[in-house]
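Colleague: My file is query22.cif. It has mmCIF, C-alpha atoms:
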```
data_upload
loop_
_atom_site.label_atom_id
_atom_site.label_comp_id
_atom_site.auth_asym_id
_atom_site.auth_seq_id
_atom_site.Cartn_x
_atom_site.Cartn_y
_atom_site.Cartn_z
CA MET A 211 66.39 31.63 48.48
CA ASN A 212 69.95 31.51 49.81
CA SER A 213 71.23 33.63 46.98
CA VAL A 214 68.48 36.13 47.71
CA THR A 215 69.55 36.18 51.36
CA VAL A 216 73.14 36.88 50.31
CA ARG A 217 71.98 39.68 48.03
CA ASN A 218 69.80 41.18 50.76
CA LEU A 219 72.65 41.04 53.26
CA LEU A 220 75.03 42.56 50.73
CA VAL A 221 72.73 45.48 49.97
CA ARG A 222 72.18 46.10 53.67
CA GLY A 223 75.90 45.83 54.30
CA MET A 224 76.56 48.56 51.78
CA LEU A 225 73.80 50.72 53.27
CA ALA A 226 75.17 50.15 56.77
CA GLY A 227 78.61 51.04 55.41
CA LEU A 228 77.19 54.25 54.01
CA ALA A 229 75.55 55.13 57.34
CA ALA A 230 78.76 54.32 59.20
CA GLY A 231 80.65 56.36 56.62
CA VAL A 232 78.48 59.39 57.39
CA LEU A 233 79.35 59.15 61.10
CA ALA A 234 83.01 58.58 60.29
CA LEU A 235 82.86 61.61 58.03
CA VAL A 236 81.63 63.77 60.90
CA VAL A 237 84.54 62.58 63.04
CA ALA A 238 86.96 63.06 60.14
CA TYR A 239 85.73 66.58 59.52
CA PHE A 240 85.79 67.76 63.11
CA LEU A 241 88.76 65.81 64.52
CA GLY A 242 90.83 65.12 61.41
CA GLU A 243 90.59 68.19 59.21
CA PRO A 244 91.97 70.71 61.73
CA ARG A 245 95.09 68.52 62.04
CA VAL A 246 95.42 68.24 58.28
CA ASP A 247 95.25 72.03 58.04
CA GLU A 248 97.90 72.43 60.73
CA ALA A 249 100.14 69.94 58.94
CA ILE A 250 99.69 71.77 55.63
CA ALA A 251 100.50 75.05 57.38
CA PHE A 252 103.73 73.46 58.61
CA GLU A 253 104.44 72.11 55.14
CA GLU A 254 103.97 75.52 53.56
CA ALA A 255 106.06 77.28 56.18
CA HIS A 256 108.92 74.88 55.38
CA ALA A 257 108.13 74.67 51.68
CA HIS A 258 110.65 73.47 49.19
CA GLU A 259 108.79 75.06 46.27
CA HIS A 260 105.51 73.18 46.64
CA GLY A 261 103.83 75.86 44.51
CA GLY A 262 101.85 75.71 41.32
CA GLU A 263 98.15 76.37 41.11
CA GLU A 264 95.82 74.07 43.00
CA LEU A 265 93.94 71.50 40.96
CA VAL A 266 91.36 71.13 43.72
CA THR A 267 90.98 73.85 46.33
CA ARG A 268 91.51 73.08 50.00
CA ALA A 269 87.86 73.94 50.64
CA MET A 270 86.79 71.26 48.16
CA GLN A 271 89.33 68.73 49.41
CA SER A 272 88.14 69.05 52.98
CA THR A 273 84.43 68.79 52.14
CA GLY A 274 83.44 67.22 48.83
CA GLY A 275 86.66 65.32 48.40
CA LEU A 276 86.73 64.06 51.96
CA SER A 277 83.07 63.00 51.73
CA THR A 278 83.62 61.12 48.48
CA GLY A 279 86.58 59.25 49.86
CA VAL A 280 85.15 58.37 53.26
CA LEU A 281 81.71 57.38 51.96
CA VAL A 282 83.08 55.24 49.15
CA TYR A 283 85.43 53.62 51.67
CA GLY A 284 82.46 52.96 53.98
CA VAL A 285 80.29 51.47 51.24
CA ALA A 286 83.13 49.34 49.87
CA PHE A 287 84.14 47.92 53.24
CA GLY A 288 80.46 47.58 54.14
CA GLY A 289 79.96 45.36 51.10
CA ILE A 290 83.10 43.33 51.69
CA ALA A 291 82.28 42.88 55.36
CA ALA A 292 78.74 41.78 54.44
CA LEU A 293 80.22 39.09 52.19
CA ALA A 294 82.52 38.01 55.01
CA TYR A 295 79.47 37.99 57.27
CA CYS A 296 77.69 35.60 54.89
CA PHE A 297 80.65 33.24 55.19
CA ALA A 298 80.95 33.68 58.95
CA LEU A 299 77.28 33.26 59.76
CA GLY A 300 76.78 30.03 61.71
CA ARG A 301 80.41 29.08 61.12
CA ILE A 302 82.17 31.03 63.86
CA GLY A 303 80.21 29.67 66.78
CA ARG A 304 76.87 30.08 68.45
CA PHE A 305 76.36 33.77 67.86
CA GLY A 306 73.14 35.41 66.75
CA PRO A 307 72.89 37.81 63.80
CA ARG A 308 73.68 40.95 65.80
CA ALA A 309 76.50 39.46 67.87
CA SER A 310 78.04 38.02 64.69
CA ALA A 311 77.90 41.44 63.03
CA LEU A 312 79.54 43.18 65.97
CA LEU A 313 82.24 40.52 66.25
CA LEU A 314 82.93 40.76 62.55
CA ALA A 315 83.13 44.54 62.70
CA GLY A 316 85.55 44.28 65.62
CA ALA A 317 87.67 41.84 63.70
CA GLY A 318 87.52 44.17 60.70
CA LEU A 319 88.73 47.12 62.75
CA VAL A 320 91.63 45.13 64.15
CA ALA A 321 92.63 43.30 60.96
CA VAL A 322 92.00 46.00 58.37
CA TYR A 323 93.11 49.04 60.30
CA LEU A 324 94.64 48.57 63.75
CA VAL A 325 97.26 45.94 62.93
CA PRO A 326 98.54 47.67 59.75
CA PHE A 327 98.32 51.05 61.54
CA LEU A 328 100.61 49.95 64.37
CA LYS A 329 103.33 49.18 61.83
CA TYR A 330 102.57 51.80 59.18
CA PRO A 331 100.65 54.57 60.95
CA ALA A 332 98.73 57.23 59.03
CA ASN A 333 100.79 60.26 58.10
CA PRO A 334 99.54 63.83 57.74
CA PRO A 335 100.63 66.03 54.84
CA ALA A 336 104.31 67.06 55.22
CA VAL A 337 105.21 63.69 56.75
CA GLY A 338 106.45 61.08 54.32
CA ASP A 339 109.13 61.06 51.66
CA PRO A 340 107.67 61.01 48.11
CA ASP A 341 110.60 58.82 47.04
CA THR A 342 109.43 55.96 49.26
CA LEU A 343 105.75 56.29 48.35
CA ASN A 344 105.66 53.18 46.16
CA GLN A 345 107.33 51.10 48.81
CA ARG A 346 105.13 52.44 51.60
CA THR A 347 101.95 51.87 49.60
CA ALA A 348 102.93 48.31 48.73
CA LEU A 349 103.89 47.50 52.30
CA PHE A 350 100.76 49.08 53.74
CA LEU A 351 98.54 47.03 51.43
CA LEU A 352 100.62 43.93 52.08
CA MET A 353 100.18 44.47 55.80
CA ILE A 354 96.39 44.73 55.40
CA VAL A 355 96.21 41.55 53.31
CA LEU A 356 98.55 39.71 55.66
CA SER A 357 96.68 40.81 58.74
CA VAL A 358 93.29 39.81 57.29
CA LEU A 359 94.64 36.41 56.24
CA LEU A 360 96.20 35.87 59.66
CA ALA A 361 92.93 36.82 61.35
CA VAL A 362 91.02 34.32 59.18
CA ALA A 363 93.65 31.68 59.94
CA ALA A 364 93.35 32.42 63.65
CA VAL A 365 89.57 31.94 63.52
CA ILE A 366 89.97 28.62 61.69
CA LEU A 367 92.64 27.54 64.17
CA GLY A 368 90.37 28.47 67.06
CA LYS A 369 87.53 26.42 65.59
CA ARG A 370 89.83 23.42 65.12
CA LEU A 371 91.16 23.62 68.67
CA ALA A 372 87.79 24.19 70.32
CA PRO A 373 86.76 20.51 70.61
CA ARG A 374 90.06 19.66 72.30
CA LEU A 375 90.73 22.73 74.45
CA GLY A 376 87.26 24.12 74.99
CA ASN A 377 86.07 27.47 73.64
CA TRP A 378 87.88 29.68 76.12
CA ASN A 379 91.34 28.16 75.77
CA ALA A 380 90.96 27.66 72.02
CA THR A 381 90.13 31.36 71.63
CA LEU A 382 93.12 32.33 73.77
CA ALA A 383 95.43 30.05 71.78
CA ALA A 384 94.14 31.39 68.46
CA GLY A 385 94.48 34.99 69.68
CA ALA A 386 98.00 34.37 70.94
CA SER A 387 99.09 32.82 67.65
CA PHE A 388 97.62 35.82 65.79
CA VAL A 389 99.61 38.21 67.99
CA LEU A 390 102.75 36.12 67.54
CA ALA A 391 102.42 36.02 63.74
CA VAL A 392 101.72 39.74 63.57
CA GLY A 393 104.71 40.39 65.81
CA LEU A 394 106.94 38.41 63.46
CA ALA A 395 105.65 40.43 60.50
CA TYR A 396 106.36 43.66 62.40
CA ALA A 397 109.86 42.48 63.17
CA PHE A 398 110.79 41.51 59.62
CA LEU A 399 109.08 44.18 57.50
CA PRO A 400 110.91 47.48 57.03
CA SER A 401 109.80 50.56 58.98
CA PHE A 402 109.64 54.21 57.97
CA SER A 403 110.18 57.23 60.13
CA GLU A 404 109.84 60.20 57.87
CA ALA A 405 108.60 63.08 59.97
CA PRO A 406 110.57 66.16 58.90
CA GLU A 407 112.75 67.88 61.46
CA GLY A 408 110.78 70.18 63.69
CA PHE A 409 107.39 68.62 62.90
CA PRO A 410 105.41 68.88 66.16
CA ALA A 411 105.19 65.50 67.89
CA THR A 412 101.90 66.51 69.49
CA LEU A 413 100.38 67.21 66.10
CA LEU A 414 101.52 63.86 64.74
CA TRP A 415 100.06 62.08 67.76
CA GLN A 416 96.77 63.96 67.58
CA TYR A 417 96.53 63.35 63.86
CA ARG A 418 97.09 59.62 64.23
CA LEU A 419 94.64 59.43 67.11
CA ALA A 420 92.07 61.20 64.94
CA THR A 421 92.53 58.64 62.14
CA LEU A 422 92.03 55.90 64.71
CA ALA A 423 88.86 57.61 65.97
CA ILE A 424 87.54 57.70 62.40
CA GLN A 425 88.05 53.97 62.01
CA VAL A 426 86.66 53.06 65.42
CA THR A 427 83.56 55.11 64.60
CA LEU A 428 83.24 53.53 61.17
CA TRP A 429 83.52 49.92 62.26
CA THR A 430 81.51 50.25 65.46
CA ALA A 431 78.65 51.99 63.69
CA TYR A 432 78.84 49.44 60.91
CA GLY A 433 78.67 46.52 63.34
CA LEU A 434 75.66 47.93 65.16
CA VAL A 435 73.68 49.11 62.13
CA PHE A 436 74.43 46.08 59.99
CA GLY A 437 73.63 43.73 62.87
CA LEU A 438 70.21 45.29 63.20
CA LEU A 439 69.52 45.13 59.46
CA ALA A 440 70.90 41.59 59.15
CA GLU A 441 68.71 40.36 61.97
CA ARG A 442 65.64 41.61 60.13
CA VAL A 443 66.74 39.70 57.04
CA LEU A 444 67.57 36.50 58.88
CA ALA A 445 64.93 36.36 61.59
CA PRO A 446 62.03 38.54 60.55
CA LYS A 447 59.41 39.04 63.21
CA PRO A 448 56.12 37.43 62.15
CA ALA A 449 54.34 40.77 61.88
CA ARG A 450 57.13 42.26 59.83
CA ALA A 451 57.29 39.19 57.61
CA ASP A 452 53.60 39.57 56.96
CA GLU A 453 54.07 43.21 56.07
CA GLU A 454 56.77 42.33 53.59
CA LYS A 455 54.67 39.64 52.04
CA ALA A 456 51.75 42.03 51.82
CA ALA A 457 54.01 44.57 50.17
CA GLU A 458 54.93 41.95 47.62
CA GLY A 459 51.23 41.50 46.92
CA ARG A 460 50.95 38.10 48.51
CA ALA A 461 48.35 37.76 51.22
CA THR A 462 49.53 34.47 52.69
CA PRO A 463 52.97 34.11 54.23
CA VAL A 464 55.05 31.56 52.38
CA ALA A 465 57.27 29.26 54.39
CA HIS A 466 60.92 29.37 53.41
CA MET B 679 73.93 18.31 75.19
CA ALA B 680 72.50 18.03 71.73
CA GLN B 681 71.10 14.60 71.07
CA SER B 682 70.86 14.62 67.30
CA ALA B 683 73.46 15.35 64.67
CA VAL B 684 71.24 18.14 63.41
CA ALA B 685 72.30 21.40 65.08
CA GLN B 686 69.93 21.68 67.98
CA PRO B 687 69.45 25.25 69.14
CA THR B 688 69.74 25.21 72.90
CA VAL B 689 67.90 27.40 75.34
CA THR B 690 70.77 29.84 75.64
CA THR B 691 71.11 30.46 71.91
CA PRO B 692 67.67 30.41 70.40
CA ASP B 693 68.56 32.36 67.30
CA VAL B 694 71.79 30.96 65.88
CA PRO B 695 71.39 31.56 62.16
CA ALA B 696 71.79 28.78 59.62
CA LYS B 697 74.90 28.62 57.47
CA LEU B 698 74.63 30.04 53.98
CA PRO B 699 76.04 27.65 51.36
CA ILE B 700 79.36 28.76 49.84
CA GLY B 701 77.88 28.27 46.39
CA ALA B 702 75.30 30.96 47.06
CA ILE B 703 77.90 33.43 48.32
CA ALA B 704 80.65 32.86 45.76
CA PRO B 705 79.12 34.65 42.72
CA TRP B 706 78.35 37.74 44.80
CA ALA B 707 81.75 37.60 46.44
CA VAL B 708 83.54 37.46 43.10
CA PHE B 709 81.69 40.22 41.27
CA LEU B 710 80.75 42.62 44.02
CA GLY B 711 83.92 41.85 46.00
CA ILE B 712 86.10 42.85 43.07
CA LEU B 713 84.01 45.95 42.40
CA MET B 714 84.44 47.01 46.04
CA LEU B 715 88.20 46.46 45.84
CA VAL B 716 88.35 48.63 42.71
CA LEU B 717 86.50 51.39 44.57
CA LEU B 718 88.98 51.11 47.45
CA TYR B 719 91.85 51.27 44.98
CA PHE B 720 90.57 54.57 43.59
CA VAL B 721 90.15 56.05 47.04
CA GLY B 722 93.40 54.68 48.41
CA ALA B 723 96.09 54.39 45.78
CA GLU B 724 95.18 55.71 42.30
CA GLN B 725 97.59 58.39 41.02
CA GLY B 726 99.86 57.64 43.94
CA ALA B 727 102.02 54.58 43.64
CA THR B 728 100.29 53.52 40.42
CA SER B 729 98.22 55.47 37.93
CA LEU B 730 95.48 54.26 35.59
CA VAL B 731 93.99 57.66 34.88
CA SER B 732 96.48 60.31 33.84
CA GLY B 733 96.84 63.55 35.76
CA GLU B 734 96.39 64.40 39.41
CA GLY B 735 92.63 64.95 39.58
CA VAL B 736 91.64 61.77 41.41
CA HIS B 737 94.54 62.07 43.83
CA GLU B 738 93.82 65.71 44.60
CA TRP B 739 90.08 65.15 44.98
CA VAL B 740 90.38 62.32 47.55
CA HIS B 741 93.57 63.77 49.06
CA ASP B 742 92.20 64.45 52.54
CA ALA B 743 90.28 61.19 52.73
CA ARG B 744 93.38 59.30 51.68
CA HIS B 745 95.42 60.90 54.46
CA LEU B 746 92.76 60.50 57.12
CA LEU B 747 91.95 56.89 56.19
CA GLY B 748 95.58 55.96 56.71
CA PHE B 749 96.75 55.41 53.14
CA PRO B 750 100.23 56.60 52.22
CA CYS B 751 99.61 59.69 50.09
CA HIS B 752 102.87 61.40 49.20
#
```
Would you kindly transcribe this structure into structure tokens?
Modeller:
Amino acid sequence: MNSVTVRNLLVRGMLAGLAAGVLALVVAYFLGEPRVDEAIAFEEAHAHEHGGEELVTRAMQSTGGLSTGVLVYGVAFGGIAALAYCFALGRIGRFGPRASALLLAGAGLVAVYLVPFLKYPANPPAVGDPDTLNQRTALFLLMIVLSVLLAVAAVILGKRLAPRLGNWNATLAAGASFVLAVGLAYAFLPSFSEAPEGFPATLLWQYRLATLAIQVTLWTAYGLVFGLLAERVLAPKPARADEEKAAEGRATPVAH
Amino acid sequence: MAQSAVAQPTVTTPDVPAKLPIGAIAPWAVFLGILMLVLLYFVGAEQGATSLVSGEGVHEWVHDARHLLGFPCH
């Protein structure tokens, strides 16, 4: 039964991720794509022979390609977050299914995107030196892993401190130690500032804000949709439970 | 507040869900978790810093998503 619950939550997590991905895609298309186009226009105006024929046209990149990437990202993080949700459920405090989902999504936004983003912000085309790509990729992924681990550690710390300090102060202490640890990581990891000369600061700012809007949309929608779906799995209303049982061809509800 | 060792749902939190045993989560976490990470790898880093499939097709196809999702692209 428990394994079935995990599977049901996982499937719904991936579906919620897909739904959230669709919303994020809308934001990405309308807020992000115009900035990408502007950045490419800048790149081409200052081209150091970028030429060659295009493997994938811009029209495909900004529609089919963008959709593939954003939706796969949504489904993948939806699944991972659903697994994290299975672990978190009943272990992070007295939160119901929906509140747990929203809290988890908030933590996901902060740990997976916001914290790495503040150190290694998203760059539009034309910004970023190809020679440092390997290093930047490794550090970006390291920052995500580190930030997720620190967030998990902060939650565990908070739980440990709660009996002694009370929930409020334990949460504050755990949050403060997370900020402190992240600050240390920021201080010791190398930074990159690779905007080419003359690249419009406004464009860079708008571009980065757009990437943040995409992520806020993705995680918020995920938290709300998944919370709703998870609640139906975990606490089905009697009528609905009956319907499901009927659908399975069983007339009498079976206690679980 | 609670009298017994068994988690007693109080009036304020009537619907705190039960914990799922780690043993029930672990198999899903291992197989599906890894599959999800592979998907993320293809969206985020394939044919960038590392390359499993030769060429530029994957990179070019997810190019815009990679930029807008915050991954270093080029």
Colleague: Any chance you could work out the residue set of the PyMOL selection byres ((chain A) within 7 of (chain B)) here, as a PyMOL selection string?
Modeller: chain A and resi 212-213+216+242+265-266+271-272+275-276+278-280+282-283+286+289-290+293+296-297+299-301+304-307+331-334+338-340+343-344+346-347+421
Colleague: Between CA of Tyr295 (chain A) and CA of Arg374 (chain A), what is the distance, to one decimal in Å?
Modeller: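 Answer for the CA of Tyr295 (chain A) to CA of Arg374 (chain A) separation: 26.0 Å.
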Colleague: What is the distance, in Å and to one decimal place, between CA of Ser403 (chain A) and CA of Tyr417 (chain A)?
Modeller: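 These two atoms are separated by 15.4 Å.
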Colleague: Residue by residue, what does the PyMOL selection byres ((chain A and resi 353) around 9) grab here? Present the result as number ranges by chain.
Modeller: A: 322, 325-327, 329-330, 348-352, 354-358, 395
Colleague: If you measure from CA of Ala298 (chain A) to CA of Leu312 (chain A), what distance in Å do you get, rounded to one decimal?
Modeller: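 If I compute the distance from CA of Ala298 (chain A) to CA of Leu312 (chain A), I get 11.9 Å.
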Colleague: Select, counting only C-alpha atoms, all protein, DNA and RNA residues no farther than 12 Å from (87.8, 44.3, 67.5) in file coordinates, and express the selection as JSON, numbers by chain.
Modeller: {"A": [310, 311, 312, 313, 314, 315, 316, 317, 318, 319, 320, 321, 322, 323, 324, 325, 361, 385, 425, 426, 427, 429, 430, 433]}
Colleague: Which residues come within 9 Å of Asp247 (chain A), counting all atoms listed in the file, excluding same-chain residues fewer than 4 positions away, as a tab-separated table (two decimals) with C-alpha atoms, in the frame of the given file?
Modeller:
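Contents of the output file around38.tsv:
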```
chain	number	residue	atom	x	y	z
A	242	GLY	CA	90.83	65.12	61.41
A	243	GLU	CA	90.59	68.19	59.21
A	251	ALA	CA	100.50	75.05	57.38
A	252	PHE	CA	103.73	73.46	58.61
A	268	ARG	CA	91.51	73.08	50.00
A	335	PRO	CA	100.63	66.03	54.84
```
Colleague: Could you give me, as a PyMOL selection string, the residues within 12 Å of Glu407 (chain A), counting only C-alpha atoms and dropping anything in the same chain fewer than 2 positions from it?
Modeller: chain A and resi 252-253+256+336-338+403-405+409-411
Colleague: Some atoms are absent from region 281-297 of chain A, so rebuild N, CA and C atoms and return them as a PDB file, keeping the file's coordinate frame.
Modeller:
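After the write, result.pdb holds the following:
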```
ATOM      1  N   LEU A 281      82.949  58.118  52.228  1.00  0.00           N
ATOM      2  CA  LEU A 281      81.710  57.380  51.960  1.00  0.00           C
ATOM      3  C   LEU A 281      81.948  56.190  51.049  1.00  0.00           C
ATOM      4  N   VAL A 282      82.768  56.368  50.024  1.00  0.00           N
ATOM      5  CA  VAL A 282      83.080  55.240  49.150  1.00  0.00           C
ATOM      6  C   VAL A 282      83.796  54.143  49.943  1.00  0.00           C
ATOM      7  N   TYR A 283      84.717  54.563  50.803  1.00  0.00           N
ATOM      8  CA  TYR A 283      85.430  53.620  51.670  1.00  0.00           C
ATOM      9  C   TYR A 283      84.432  52.859  52.545  1.00  0.00           C
ATOM     10  N   GLY A 284      83.460  53.592  53.121  1.00  0.00           N
ATOM     11  CA  GLY A 284      82.460  52.960  53.980  1.00  0.00           C
ATOM     12  C   GLY A 284      81.606  51.961  53.213  1.00  0.00           C
ATOM     13  N   VAL A 285      81.134  52.358  52.040  1.00  0.00           N
ATOM     14  CA  VAL A 285      80.290  51.470  51.240  1.00  0.00           C
ATOM     15  C   VAL A 285      81.085  50.233  50.807  1.00  0.00           C
ATOM     16  N   ALA A 286      82.321  50.453  50.365  1.00  0.00           N
ATOM     17  CA  ALA A 286      83.130  49.340  49.870  1.00  0.00           C
ATOM     18  C   ALA A 286      83.426  48.348  50.993  1.00  0.00           C
ATOM     19  N   PHE A 287      83.866  48.854  52.143  1.00  0.00           N
ATOM     20  CA  PHE A 287      84.140  47.920  53.240  1.00  0.00           C
ATOM     21  C   PHE A 287      82.850  47.340  53.792  1.00  0.00           C
ATOM     22  N   GLY A 288      81.757  48.107  53.722  1.00  0.00           N
ATOM     23  CA  GLY A 288      80.460  47.580  54.140  1.00  0.00           C
ATOM     24  C   GLY A 288      80.075  46.372  53.308  1.00  0.00           C
ATOM     25  N   GLY A 289      80.279  46.484  51.991  1.00  0.00           N
ATOM     26  CA  GLY A 289      79.960  45.360  51.100  1.00  0.00           C
ATOM     27  C   GLY A 289      80.869  44.168  51.349  1.00  0.00           C
ATOM     28  N   ILE A 290      82.156  44.431  51.464  1.00  0.00           N
ATOM     29  CA  ILE A 290      83.100  43.330  51.690  1.00  0.00           C
ATOM     30  C   ILE A 290      82.820  42.642  53.022  1.00  0.00           C
ATOM     31  N   ALA A 291      82.558  43.452  54.044  1.00  0.00           N
ATOM     32  CA  ALA A 291      82.280  42.880  55.360  1.00  0.00           C
ATOM     33  C   ALA A 291      80.983  42.080  55.336  1.00  0.00           C
ATOM     34  N   ALA A 292      80.000  42.529  54.535  1.00  0.00           N
ATOM     35  CA  ALA A 292      78.740  41.780  54.440  1.00  0.00           C
ATOM     36  C   ALA A 292      78.991  40.409  53.806  1.00  0.00           C
ATOM     37  N   LEU A 293      79.869  40.375  52.807  1.00  0.00           N
ATOM     38  CA  LEU A 293      80.220  39.090  52.190  1.00  0.00           C
ATOM     39  C   LEU A 293      80.917  38.184  53.205  1.00  0.00           C
ATOM     40  N   ALA A 294      81.836  38.780  53.968  1.00  0.00           N
ATOM     41  CA  ALA A 294      82.520  38.010  55.010  1.00  0.00           C
ATOM     42  C   ALA A 294      81.514  37.513  56.036  1.00  0.00           C
ATOM     43  N   TYR A 295      80.528  38.350  56.307  1.00  0.00           N
ATOM     44  CA  TYR A 295      79.470  37.990  57.270  1.00  0.00           C
ATOM     45  C   TYR A 295      78.690  36.776  56.780  1.00  0.00           C
ATOM     46  N   CYS A 296      78.402  36.749  55.459  1.00  0.00           N
ATOM     47  CA  CYS A 296      77.690  35.600  54.890  1.00  0.00           C
ATOM     48  C   CYS A 296      78.490  34.312  55.107  1.00  0.00           C
ATOM     49  N   PHE A 297      79.801  34.412  54.949  1.00  0.00           N
ATOM     50  CA  PHE A 297      80.650  33.240  55.190  1.00  0.00           C
ATOM     51  C   PHE A 297      80.665  32.891  56.683  1.00  0.00           C
TER      52      PHE A 297
END
```
